[in-house]
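Report on one structure; see the data block that follows.
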Amino acid sequence: MTTTESTETTPSTTAPDETGTKRVTSLPESTWNHHHLLDLDDCSRTEIETVLTLADRMREILDRRIPRVPALRGFTVVNLFYEPSTRTRASFELAGKVLGADVISVNSSTSSIQKGESLIDTVRTMRAMRTDAIVIRHSMAGAPYLAAEHTDASIINAGDGAHAHPTQALLDLYTMRRHVGDLTGKKVVMVGDIAHSRVARSDLWGLAAMGAKVVVCGPPTLLPLGLKAGDRPSHAESALPPVSIETNIDVALEGADVVIALRLQSERQEAGLLPSLHEYAANYQVTSERLVRANPNHLLMHPGPKNEGIEIAGDVARGDRSIIEEQVTNGVAVRMALLYLLSGRVDPSEVVSEARA
Amino acid sequence: MSTLAIHNGRVIDPALGWDGIADIVIVDGRITRVGPNEGDMVVEADRIDATGLVVAPGFVDLQTHLREPGFEHEETIATGTRAAAQGGFTTVCAMPGTVPPLDSRAAVESVLREAEASALVRVLPIGCITAGRKGELLAPAGELAGAGVVALTDDGHAVADPNLMRHALQYSTQFNLPVAQHPEDPALVRGGQMHEGWVATRLGLRGRPASGEATMVARDIALAELTGAHLHVCNVSTAASVALIRGARERAVHITASVTPHHLTLTHERVAFRESYTQIRYDTSAKVEPPLREEGDLIALAEALRDGVIDAITTNHSPVSAMEKGIEFDLAAPGISGLETAFGLSMRLVESGTLTLPMLIERMTIGPVRAWSLDRHPGCEGLGTLAPGAVGDVTVLDPTSEWTIEPEHFASLGKNTPLAGELLRGRVVTTVFGGRVVHETAGVAAL
């Protein structure tokens, strides 16, 4: 087991959870204070900046002729994927391998869960095999939280149902930051199926922490309830990130610095949430004509995989404002940074002070 | 001849309008005397000193999942009725969602036989509305009535087909059986894991909209109006349903309704949050159907209970094994084990000033009895009251005693409660069923 070399100068601010997680990293809250990464809702701006700063160093390693360093030698990562995924799984595998970690991927279908193979049991088994970090992709919201209650391995949420996808959000933030620098006051517009999007939920937390102004845009049937601050009691105002809601895409795109088009699943039409994909495209596709209203230097992003001609026009997806492919590269760098931070082999406060120096 | 005398308690019998210090004497399972110092008139008796305590009729629960037969790992008639006794209940109506379901004379009789052998309190079975609770064909209501069921319900399954529900209501009228519906429209709530709203949005869980309940309550009221049948709305959870029921009662539709202590006191926030909005949790112990709702619903429910628009507090006691709760939220079984916390939790409405203590006792005793006319059944004479001649079911309460909920000490096999570790004010001290003490809280009872 990897032990955390913490300086113990500042007391831990993380309350031990009910199962008494043994390896709570004692670190100043300001730089990085997580043993698991379940979502960005409990990450401060400074913590996110620590990841992004470290990701810069990782990106430099990734761009070398031979991108290999031994930083995580002897560190074991298991990708536990209960839902099919190509890109996220490959990204985690590569991130671990670049840093010299041992990475294996276990694919298990959701049907096997329903047959009674317990997630808790699998996670415990992986830990018994001396796994240090477990990356979980699951079709059910909250599954990584359940796993985290039952192991002292680091749990990384690689997407849980319609809930969260924090590493996607981190890579989105990192990619934006590389192009526009400080995100404070920047207008970020997310278009599409907000209600069912785990990417949108995590992006909202991350963007709120970084001080961006966020607008979500989609047809009313694809907008989640209670997102508007007035739709929840005043005491719960902070329970969801601040966001503006707009159903008219042309209004939403006005002056946008960043535009994120979200994938539209064809099931939404089958479920009766949309009359047709054609009508969706007619009203919500991100096209060059519509982007005229955005800031001329806007960035165009998409978490992938894209449906060109549905939520995004092909020429726009491959146009000069698109940084969609760079998102993929940055995804590896961000996941490297995250694994390194969670391994406890790097002092987060050093990451920040070195970057300042 | 066995005699029990309960001395010097504050006797509250809402049915008779009594509220004062008195003794109660129970001889051979029947109440014989009630009044100041009446206990001193009997020479030989077992005695309970209720000085400083409240003496009420035994509580009556219209909705208890005893799980037997079929789910004995979750509850049995023995453990479920022991839990009832702990909670002050002397009568429980057993829900028919067993395996086999209570849709035949044989199934009902087997429950009654088992209750005869192992139950600590009175068990009144409820029959199914449709065969196998499948919502396709009517269950034999006449046969079930003959076997002794006190109502009909398809338990957690609402009868989705409006035509079938119409016929069920119409058919029930010849037996004077209430038809009790858990009103959530399956098409509107399918796949839903919790109340639809901002908490579900935060957690990324699919919601069960409040309107999923209101639409079915509205439909059922229209059908009750059409047929003149007795409709009982179980587990009312939304302000919209309350408004519909209130309107129907004003039009003298034969409708009664019940609400659980958890729907009266807990909101959907319980699923996700404890102390702050920063950390979330997926607390399956708060997963229940219908789901925990919002503040505004709680207020409407409490007002309806106070005004008598809702007749009864029912526990909808739903014991679930730890194995079926300690898993992914989407897979976890819904339900709250409620018998043992019902009084203490409901006392929060008295503490907040919404209800008086006699009113609360009314909604847990004569309220449910009248709602379903339970006192017309054999062995239920005077049920819900302390009048001489009534069955000797008494609950002794300490409304000010504070205690902490420790599910591991529940008599119920179902330790599933979102209230573990929570402090309640108001406790059942002694439960008497048919003149026999079936529960005593150690360390609280006087004498």
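Convention: chains lettered A, B, ... in structure tokens order; per-chain residue numbering from 1; ligands numbered from 1 as shown.
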
Which residues, written as a PDB file with C-alpha atoms, in the first residue's frame, have at least one atom at most 9 Å from range 23-37 of chain B, with only C-alpha atoms counted and residues fewer than 5 positions away on the same chain left out?
ATOM      1  CA  MET B   1     -60.081 -14.848  35.735  1.00  0.00           C
ATOM      2  CA  SER B   2     -57.248 -12.450  34.877  1.00  0.00           C
ATOM      3  CA  THR B   3     -57.458  -8.825  35.882  1.00  0.00           C
ATOM      4  CA  LEU B   4     -55.207  -5.921  34.980  1.00  0.00           C
ATOM      5  CA  ALA B   5     -55.541  -2.510  36.566  1.00  0.00           C
ATOM      6  CA  ILE B   6     -53.794   0.540  35.148  1.00  0.00           C
ATOM      7  CA  HIS B   7     -53.647   3.193  37.818  1.00  0.00           C
ATOM      8  CA  ASN B   8     -53.650   6.936  37.848  1.00  0.00           C
ATOM      9  CA  GLY B   9     -52.685   7.728  34.254  1.00  0.00           C
ATOM     10  CA  ARG B  10     -53.918  10.591  32.125  1.00  0.00           C
ATOM     11  CA  VAL B  11     -56.529   8.644  30.168  1.00  0.00           C
ATOM     12  CA  VAL B  42     -60.635  -4.650  42.353  1.00  0.00           C
ATOM     13  CA  ALA B  45     -55.151  -7.736  39.910  1.00  0.00           C
ATOM     14  CA  ALA B  50     -49.259   5.031  35.070  1.00  0.00           C
ATOM     15  CA  VAL B  55     -53.032   5.967  28.820  1.00  0.00           C
ATOM     16  CA  LEU B 386     -61.438   2.476  26.156  1.00  0.00           C
ATOM     17  CA  ALA B 387     -65.172   2.177  26.751  1.00  0.00           C
ATOM     18  CA  PRO B 388     -66.332  -0.599  29.067  1.00  0.00           C
ATOM     19  CA  GLY B 389     -66.980  -3.650  26.929  1.00  0.00           C
ATOM     20  CA  ALA B 390     -64.249  -2.784  24.437  1.00  0.00           C
ATOM     21  CA  VAL B 391     -61.343  -5.113  23.736  1.00  0.00           C
ATOM     22  CA  GLY B 392     -58.632  -4.613  26.347  1.00  0.00           C
ATOM     23  CA  ASP B 393     -56.014  -2.956  24.131  1.00  0.00           C
ATOM     24  CA  PHE B 433     -53.177  -6.419  24.165  1.00  0.00           C
ATOM     25  CA  GLY B 434     -56.344  -8.170  25.304  1.00  0.00           C
ATOM     26  CA  GLY B 435     -55.503  -7.433  28.924  1.00  0.00           C
ATOM     27  CA  ARG B 436     -52.027  -8.909  28.630  1.00  0.00           C
TER      28      ARG B 436
END

Each residue of chain A lying at most 6 Å from chain B should get a row with its shortest atom-to-atom pair and the distance in Å to one decimal, counting only C-alpha atoms; could you produce that, ordered by chain and increasing number, as a Markdown table?
| residue | atom | partner | partner_atom | distance |
| --- | --- | --- | --- | --- |
| A:Asp42 | CA | B:Thr278 | CA | 5.5 |
| A:Ala141 | CA | B:Gly204 | CA | 6.0 |
| A:Ala143 | CA | B:Glu328 | CA | 5.6 |
| A:Ala162 | CA | B:Gly204 | CA | 4.7 |
| A:His163 | CA | B:Gly204 | CA | 3.9 |
| A:Leu225 | CA | B:Gly197 | CA | 5.5 |
| A:Gly226 | CA | B:Trp198 | CA | 4.1 |
| A:Ala239 | CA | B:Tyr277 | CA | 5.2 |

Now that the selection is made, can you save its residues with N, CA and C atoms as a PDB file, in the first residue's frame?
ATOM      1  N   ASP A  42     -17.339  19.046  -4.330  1.00  0.00           N
ATOM      2  CA  ASP A  42     -16.651  19.354  -3.072  1.00  0.00           C
ATOM      3  C   ASP A  42     -15.201  19.755  -3.313  1.00  0.00           C
ATOM      4  N   ALA A 141     -26.251   6.157 -11.044  1.00  0.00           N
ATOM      5  CA  ALA A 141     -25.757   7.295 -10.270  1.00  0.00           C
ATOM      6  C   ALA A 141     -25.433   6.843  -8.853  1.00  0.00           C
ATOM      7  N   ALA A 143     -22.978   4.947  -7.777  1.00  0.00           N
ATOM      8  CA  ALA A 143     -22.229   3.696  -7.578  1.00  0.00           C
ATOM      9  C   ALA A 143     -20.816   3.942  -7.032  1.00  0.00           C
ATOM     10  N   ALA A 162     -26.445   9.428 -14.745  1.00  0.00           N
ATOM     11  CA  ALA A 162     -26.616  10.809 -15.189  1.00  0.00           C
ATOM     12  C   ALA A 162     -26.048  11.773 -14.153  1.00  0.00           C
ATOM     13  N   HIS A 163     -25.203  11.255 -13.254  1.00  0.00           N
ATOM     14  CA  HIS A 163     -24.768  12.103 -12.154  1.00  0.00           C
ATOM     15  C   HIS A 163     -23.517  12.929 -12.434  1.00  0.00           C
ATOM     16  N   LEU A 225     -35.028  19.589 -13.649  1.00  0.00           N
ATOM     17  CA  LEU A 225     -35.851  20.398 -12.748  1.00  0.00           C
ATOM     18  C   LEU A 225     -35.020  20.931 -11.603  1.00  0.00           C
ATOM     19  N   GLY A 226     -35.398  22.090 -11.129  1.00  0.00           N
ATOM     20  CA  GLY A 226     -34.794  22.615  -9.910  1.00  0.00           C
ATOM     21  C   GLY A 226     -33.450  23.289 -10.117  1.00  0.00           C
ATOM     22  N   ALA A 239     -27.089  24.486  -3.147  1.00  0.00           N
ATOM     23  CA  ALA A 239     -27.096  23.031  -3.374  1.00  0.00           C
ATOM     24  C   ALA A 239     -26.923  22.654  -4.838  1.00  0.00           C
TER      25      ALA A 239
END

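CA of Asp161 in chain B is found 26.1 Å from CA of Arg67 in chain B.
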
Do you know which residues are at most 9 Å from Thr314 in chain B counting only C-alpha atoms, after dropping those on the same chain fewer than 4 positions away, and could you put them as a PDB file with N, CA and C atoms, in the first residue's frame?
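Produced file selection-v7.pdb, reproduced below:
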ATOM      1  N   VAL B  60     -53.635   1.467  16.107  1.00  0.00           N
ATOM      2  CA  VAL B  60     -54.128   0.615  15.024  1.00  0.00           C
ATOM      3  C   VAL B  60     -53.426   1.029  13.736  1.00  0.00           C
ATOM      4  N   ASP B  61     -52.780   0.089  13.074  1.00  0.00           N
ATOM      5  CA  ASP B  61     -52.063   0.408  11.835  1.00  0.00           C
ATOM      6  C   ASP B  61     -52.777  -0.231  10.651  1.00  0.00           C
ATOM      7  N   LEU B  62     -53.157   0.598   9.692  1.00  0.00           N
ATOM      8  CA  LEU B  62     -53.886   0.082   8.525  1.00  0.00           C
ATOM      9  C   LEU B  62     -52.965  -0.537   7.477  1.00  0.00           C
ATOM     10  N   GLN B  63     -51.672  -0.360   7.613  1.00  0.00           N
ATOM     11  CA  GLN B  63     -50.773  -0.815   6.550  1.00  0.00           C
ATOM     12  C   GLN B  63     -49.479  -1.326   7.134  1.00  0.00           C
ATOM     13  N   THR B  64     -49.379  -2.623   7.297  1.00  0.00           N
ATOM     14  CA  THR B  64     -48.163  -3.214   7.852  1.00  0.00           C
ATOM     15  C   THR B  64     -47.710  -4.346   6.936  1.00  0.00           C
ATOM     16  N   CYS B 234     -53.896   5.526   0.197  1.00  0.00           N
ATOM     17  CA  CYS B 234     -52.790   5.208   1.102  1.00  0.00           C
ATOM     18  C   CYS B 234     -51.626   6.163   0.870  1.00  0.00           C
ATOM     19  N   ASN B 235     -50.843   6.375   1.897  1.00  0.00           N
ATOM     20  CA  ASN B 235     -49.559   7.062   1.756  1.00  0.00           C
ATOM     21  C   ASN B 235     -49.666   8.379   0.999  1.00  0.00           C
ATOM     22  N   SER B 258     -54.772   8.053   4.395  1.00  0.00           N
ATOM     23  CA  SER B 258     -53.786   7.911   5.465  1.00  0.00           C
ATOM     24  C   SER B 258     -52.426   8.423   5.010  1.00  0.00           C
ATOM     25  N   VAL B 259     -51.601   8.719   5.991  1.00  0.00           N
ATOM     26  CA  VAL B 259     -50.278   9.294   5.730  1.00  0.00           C
ATOM     27  C   VAL B 259     -49.299   8.649   6.701  1.00  0.00           C
ATOM     28  N   THR B 260     -48.050   8.539   6.292  1.00  0.00           N
ATOM     29  CA  THR B 260     -47.055   7.919   7.177  1.00  0.00           C
ATOM     30  C   THR B 260     -46.327   8.987   7.999  1.00  0.00           C
ATOM     31  N   PRO B 261     -45.777   8.589   9.134  1.00  0.00           N
ATOM     32  CA  PRO B 261     -44.983   9.554   9.915  1.00  0.00           C
ATOM     33  C   PRO B 261     -43.802  10.103   9.111  1.00  0.00           C
ATOM     34  N   LEU B 339     -42.737   0.747  12.367  1.00  0.00           N
ATOM     35  CA  LEU B 339     -43.614   0.513  13.516  1.00  0.00           C
ATOM     36  C   LEU B 339     -43.044   1.098  14.804  1.00  0.00           C
ATOM     37  N   ALA B 342     -42.976   5.138  14.931  1.00  0.00           N
ATOM     38  CA  ALA B 342     -44.161   5.889  14.485  1.00  0.00           C
ATOM     39  C   ALA B 342     -44.628   6.926  15.506  1.00  0.00           C
ATOM     40  N   ARG B 363     -55.744   9.997  15.580  1.00  0.00           N
ATOM     41  CA  ARG B 363     -55.336   9.577  14.229  1.00  0.00           C
ATOM     42  C   ARG B 363     -54.610   8.229  14.226  1.00  0.00           C
ATOM     43  N   MET B 364     -54.263   7.753  15.438  1.00  0.00           N
ATOM     44  CA  MET B 364     -53.592   6.443  15.507  1.00  0.00           C
ATOM     45  C   MET B 364     -54.488   5.377  16.131  1.00  0.00           C
ATOM     46  N   PRO B 368     -58.186   5.482  12.320  1.00  0.00           N
ATOM     47  CA  PRO B 368     -58.112   4.345  11.397  1.00  0.00           C
ATOM     48  C   PRO B 368     -59.253   3.340  11.572  1.00  0.00           C
TER      49      PRO B 368
END

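If you look at CA of Leu16 in chain B and CA of Asn316 in chain B, they are 27.1 Å away from each other.
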
Surrounding residues of Ala271 in chain A excluding itself and chain neighbours under 5 positions, 12 Å, only C-alpha atoms, as an NGL selection string: (:A and (221-222 or 265-266 or 276)) or (:B and (187 or 190))

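Summary of the local environment: counting only C-alpha atoms, residues at most 9 Å from range 346-361 of chain B, other than itself and those fewer than 3 positions away along its chain, are B:Ile12, B:Asp13, B:Pro14, B:Gly17, B:Asp19, B:Ala56, B:Pro57, B:Phe59, B:Thr260, B:Pro261, B:His262, B:Leu264, B:Thr265, B:Ala302, B:Glu303, B:Leu305, B:Arg306, B:Ile313, B:Thr341, B:Ala342, B:Phe343, B:Met364, B:Thr365, B:Ile366, B:Gly367, B:Pro399, B:Leu424, B:Arg425, B:Gly426.
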
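When CA of Pro183 in chain B is paired with CA of Leu244 in chain B, their separation reads 12.6 Å.
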
Which one of B:Gly384, B:Pro178, B:Gly335, B:Gly247 sits closest to Thr284 in chain B if you count only C-alpha atoms? B:Gly335

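For Thr329 in chain A, the non-local neighbours within 10 Å, defined as residues at least 3 positions apart in the same chain or in other chains and counting only C-alpha atoms, are Arg59, Leu62, Asp63, Ser91, Leu171, Thr175, Ile324, Glu325, Glu326, Val332, Ala333 and Val334 of chain A.
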
Kindly export the residues of the current selection with C-alpha atoms, as a short mmCIF file (atom, residue, chain, number, x, y, z; two decimals), in the first residue's frame.
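The new file part13.cif reads:
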data_model
loop_
_atom_site.label_atom_id
_atom_site.label_comp_id
_atom_site.auth_asym_id
_atom_site.auth_seq_id
_atom_site.Cartn_x
_atom_site.Cartn_y
_atom_site.Cartn_z
CA ARG A 59 1.13 17.46 -20.75
CA LEU A 62 3.04 13.42 -22.79
CA ASP A 63 4.50 15.55 -25.59
CA SER A 91 -7.43 7.57 -21.53
CA LEU A 171 -10.12 18.13 -18.77
CA THR A 175 -8.46 22.82 -22.10
CA ILE A 324 -12.38 18.82 -29.61
CA GLU A 325 -9.32 16.71 -30.42
CA GLU A 326 -7.16 18.63 -28.02
CA VAL A 332 -4.74 11.91 -20.66
CA ALA A 333 -2.69 14.69 -19.03
CA VAL A 334 -5.42 15.54 -16.53
#

Need the shell around Glu308 in chain A: protein/DNA/RNA residues with any atom at most 9 Å away, counting only C-alpha atoms. Skip same-chain ones fewer than 6 positions apart. Format as JSON, numbers by chain? {"A": [314, 315, 317]}

Can you write out the residues you just picked, keeping C-alpha atoms, as a compact mmCIF listing (two decimals), in the first residue's frame?
# COMPACT_ATOMS: atom_id res chain seq x y z
CA GLY A 314 -19.58 18.70 -39.28
CA ASP A 315 -17.81 21.82 -40.54
CA ALA A 317 -16.74 20.23 -35.35

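Minimum atom-to-atom distances from B:Gln86, B:Asn176, B:Ser337, B:Ser237 to Leu292 in chain B were compared using only C-alpha atoms, and the lowest value belongs to B:Ser237.
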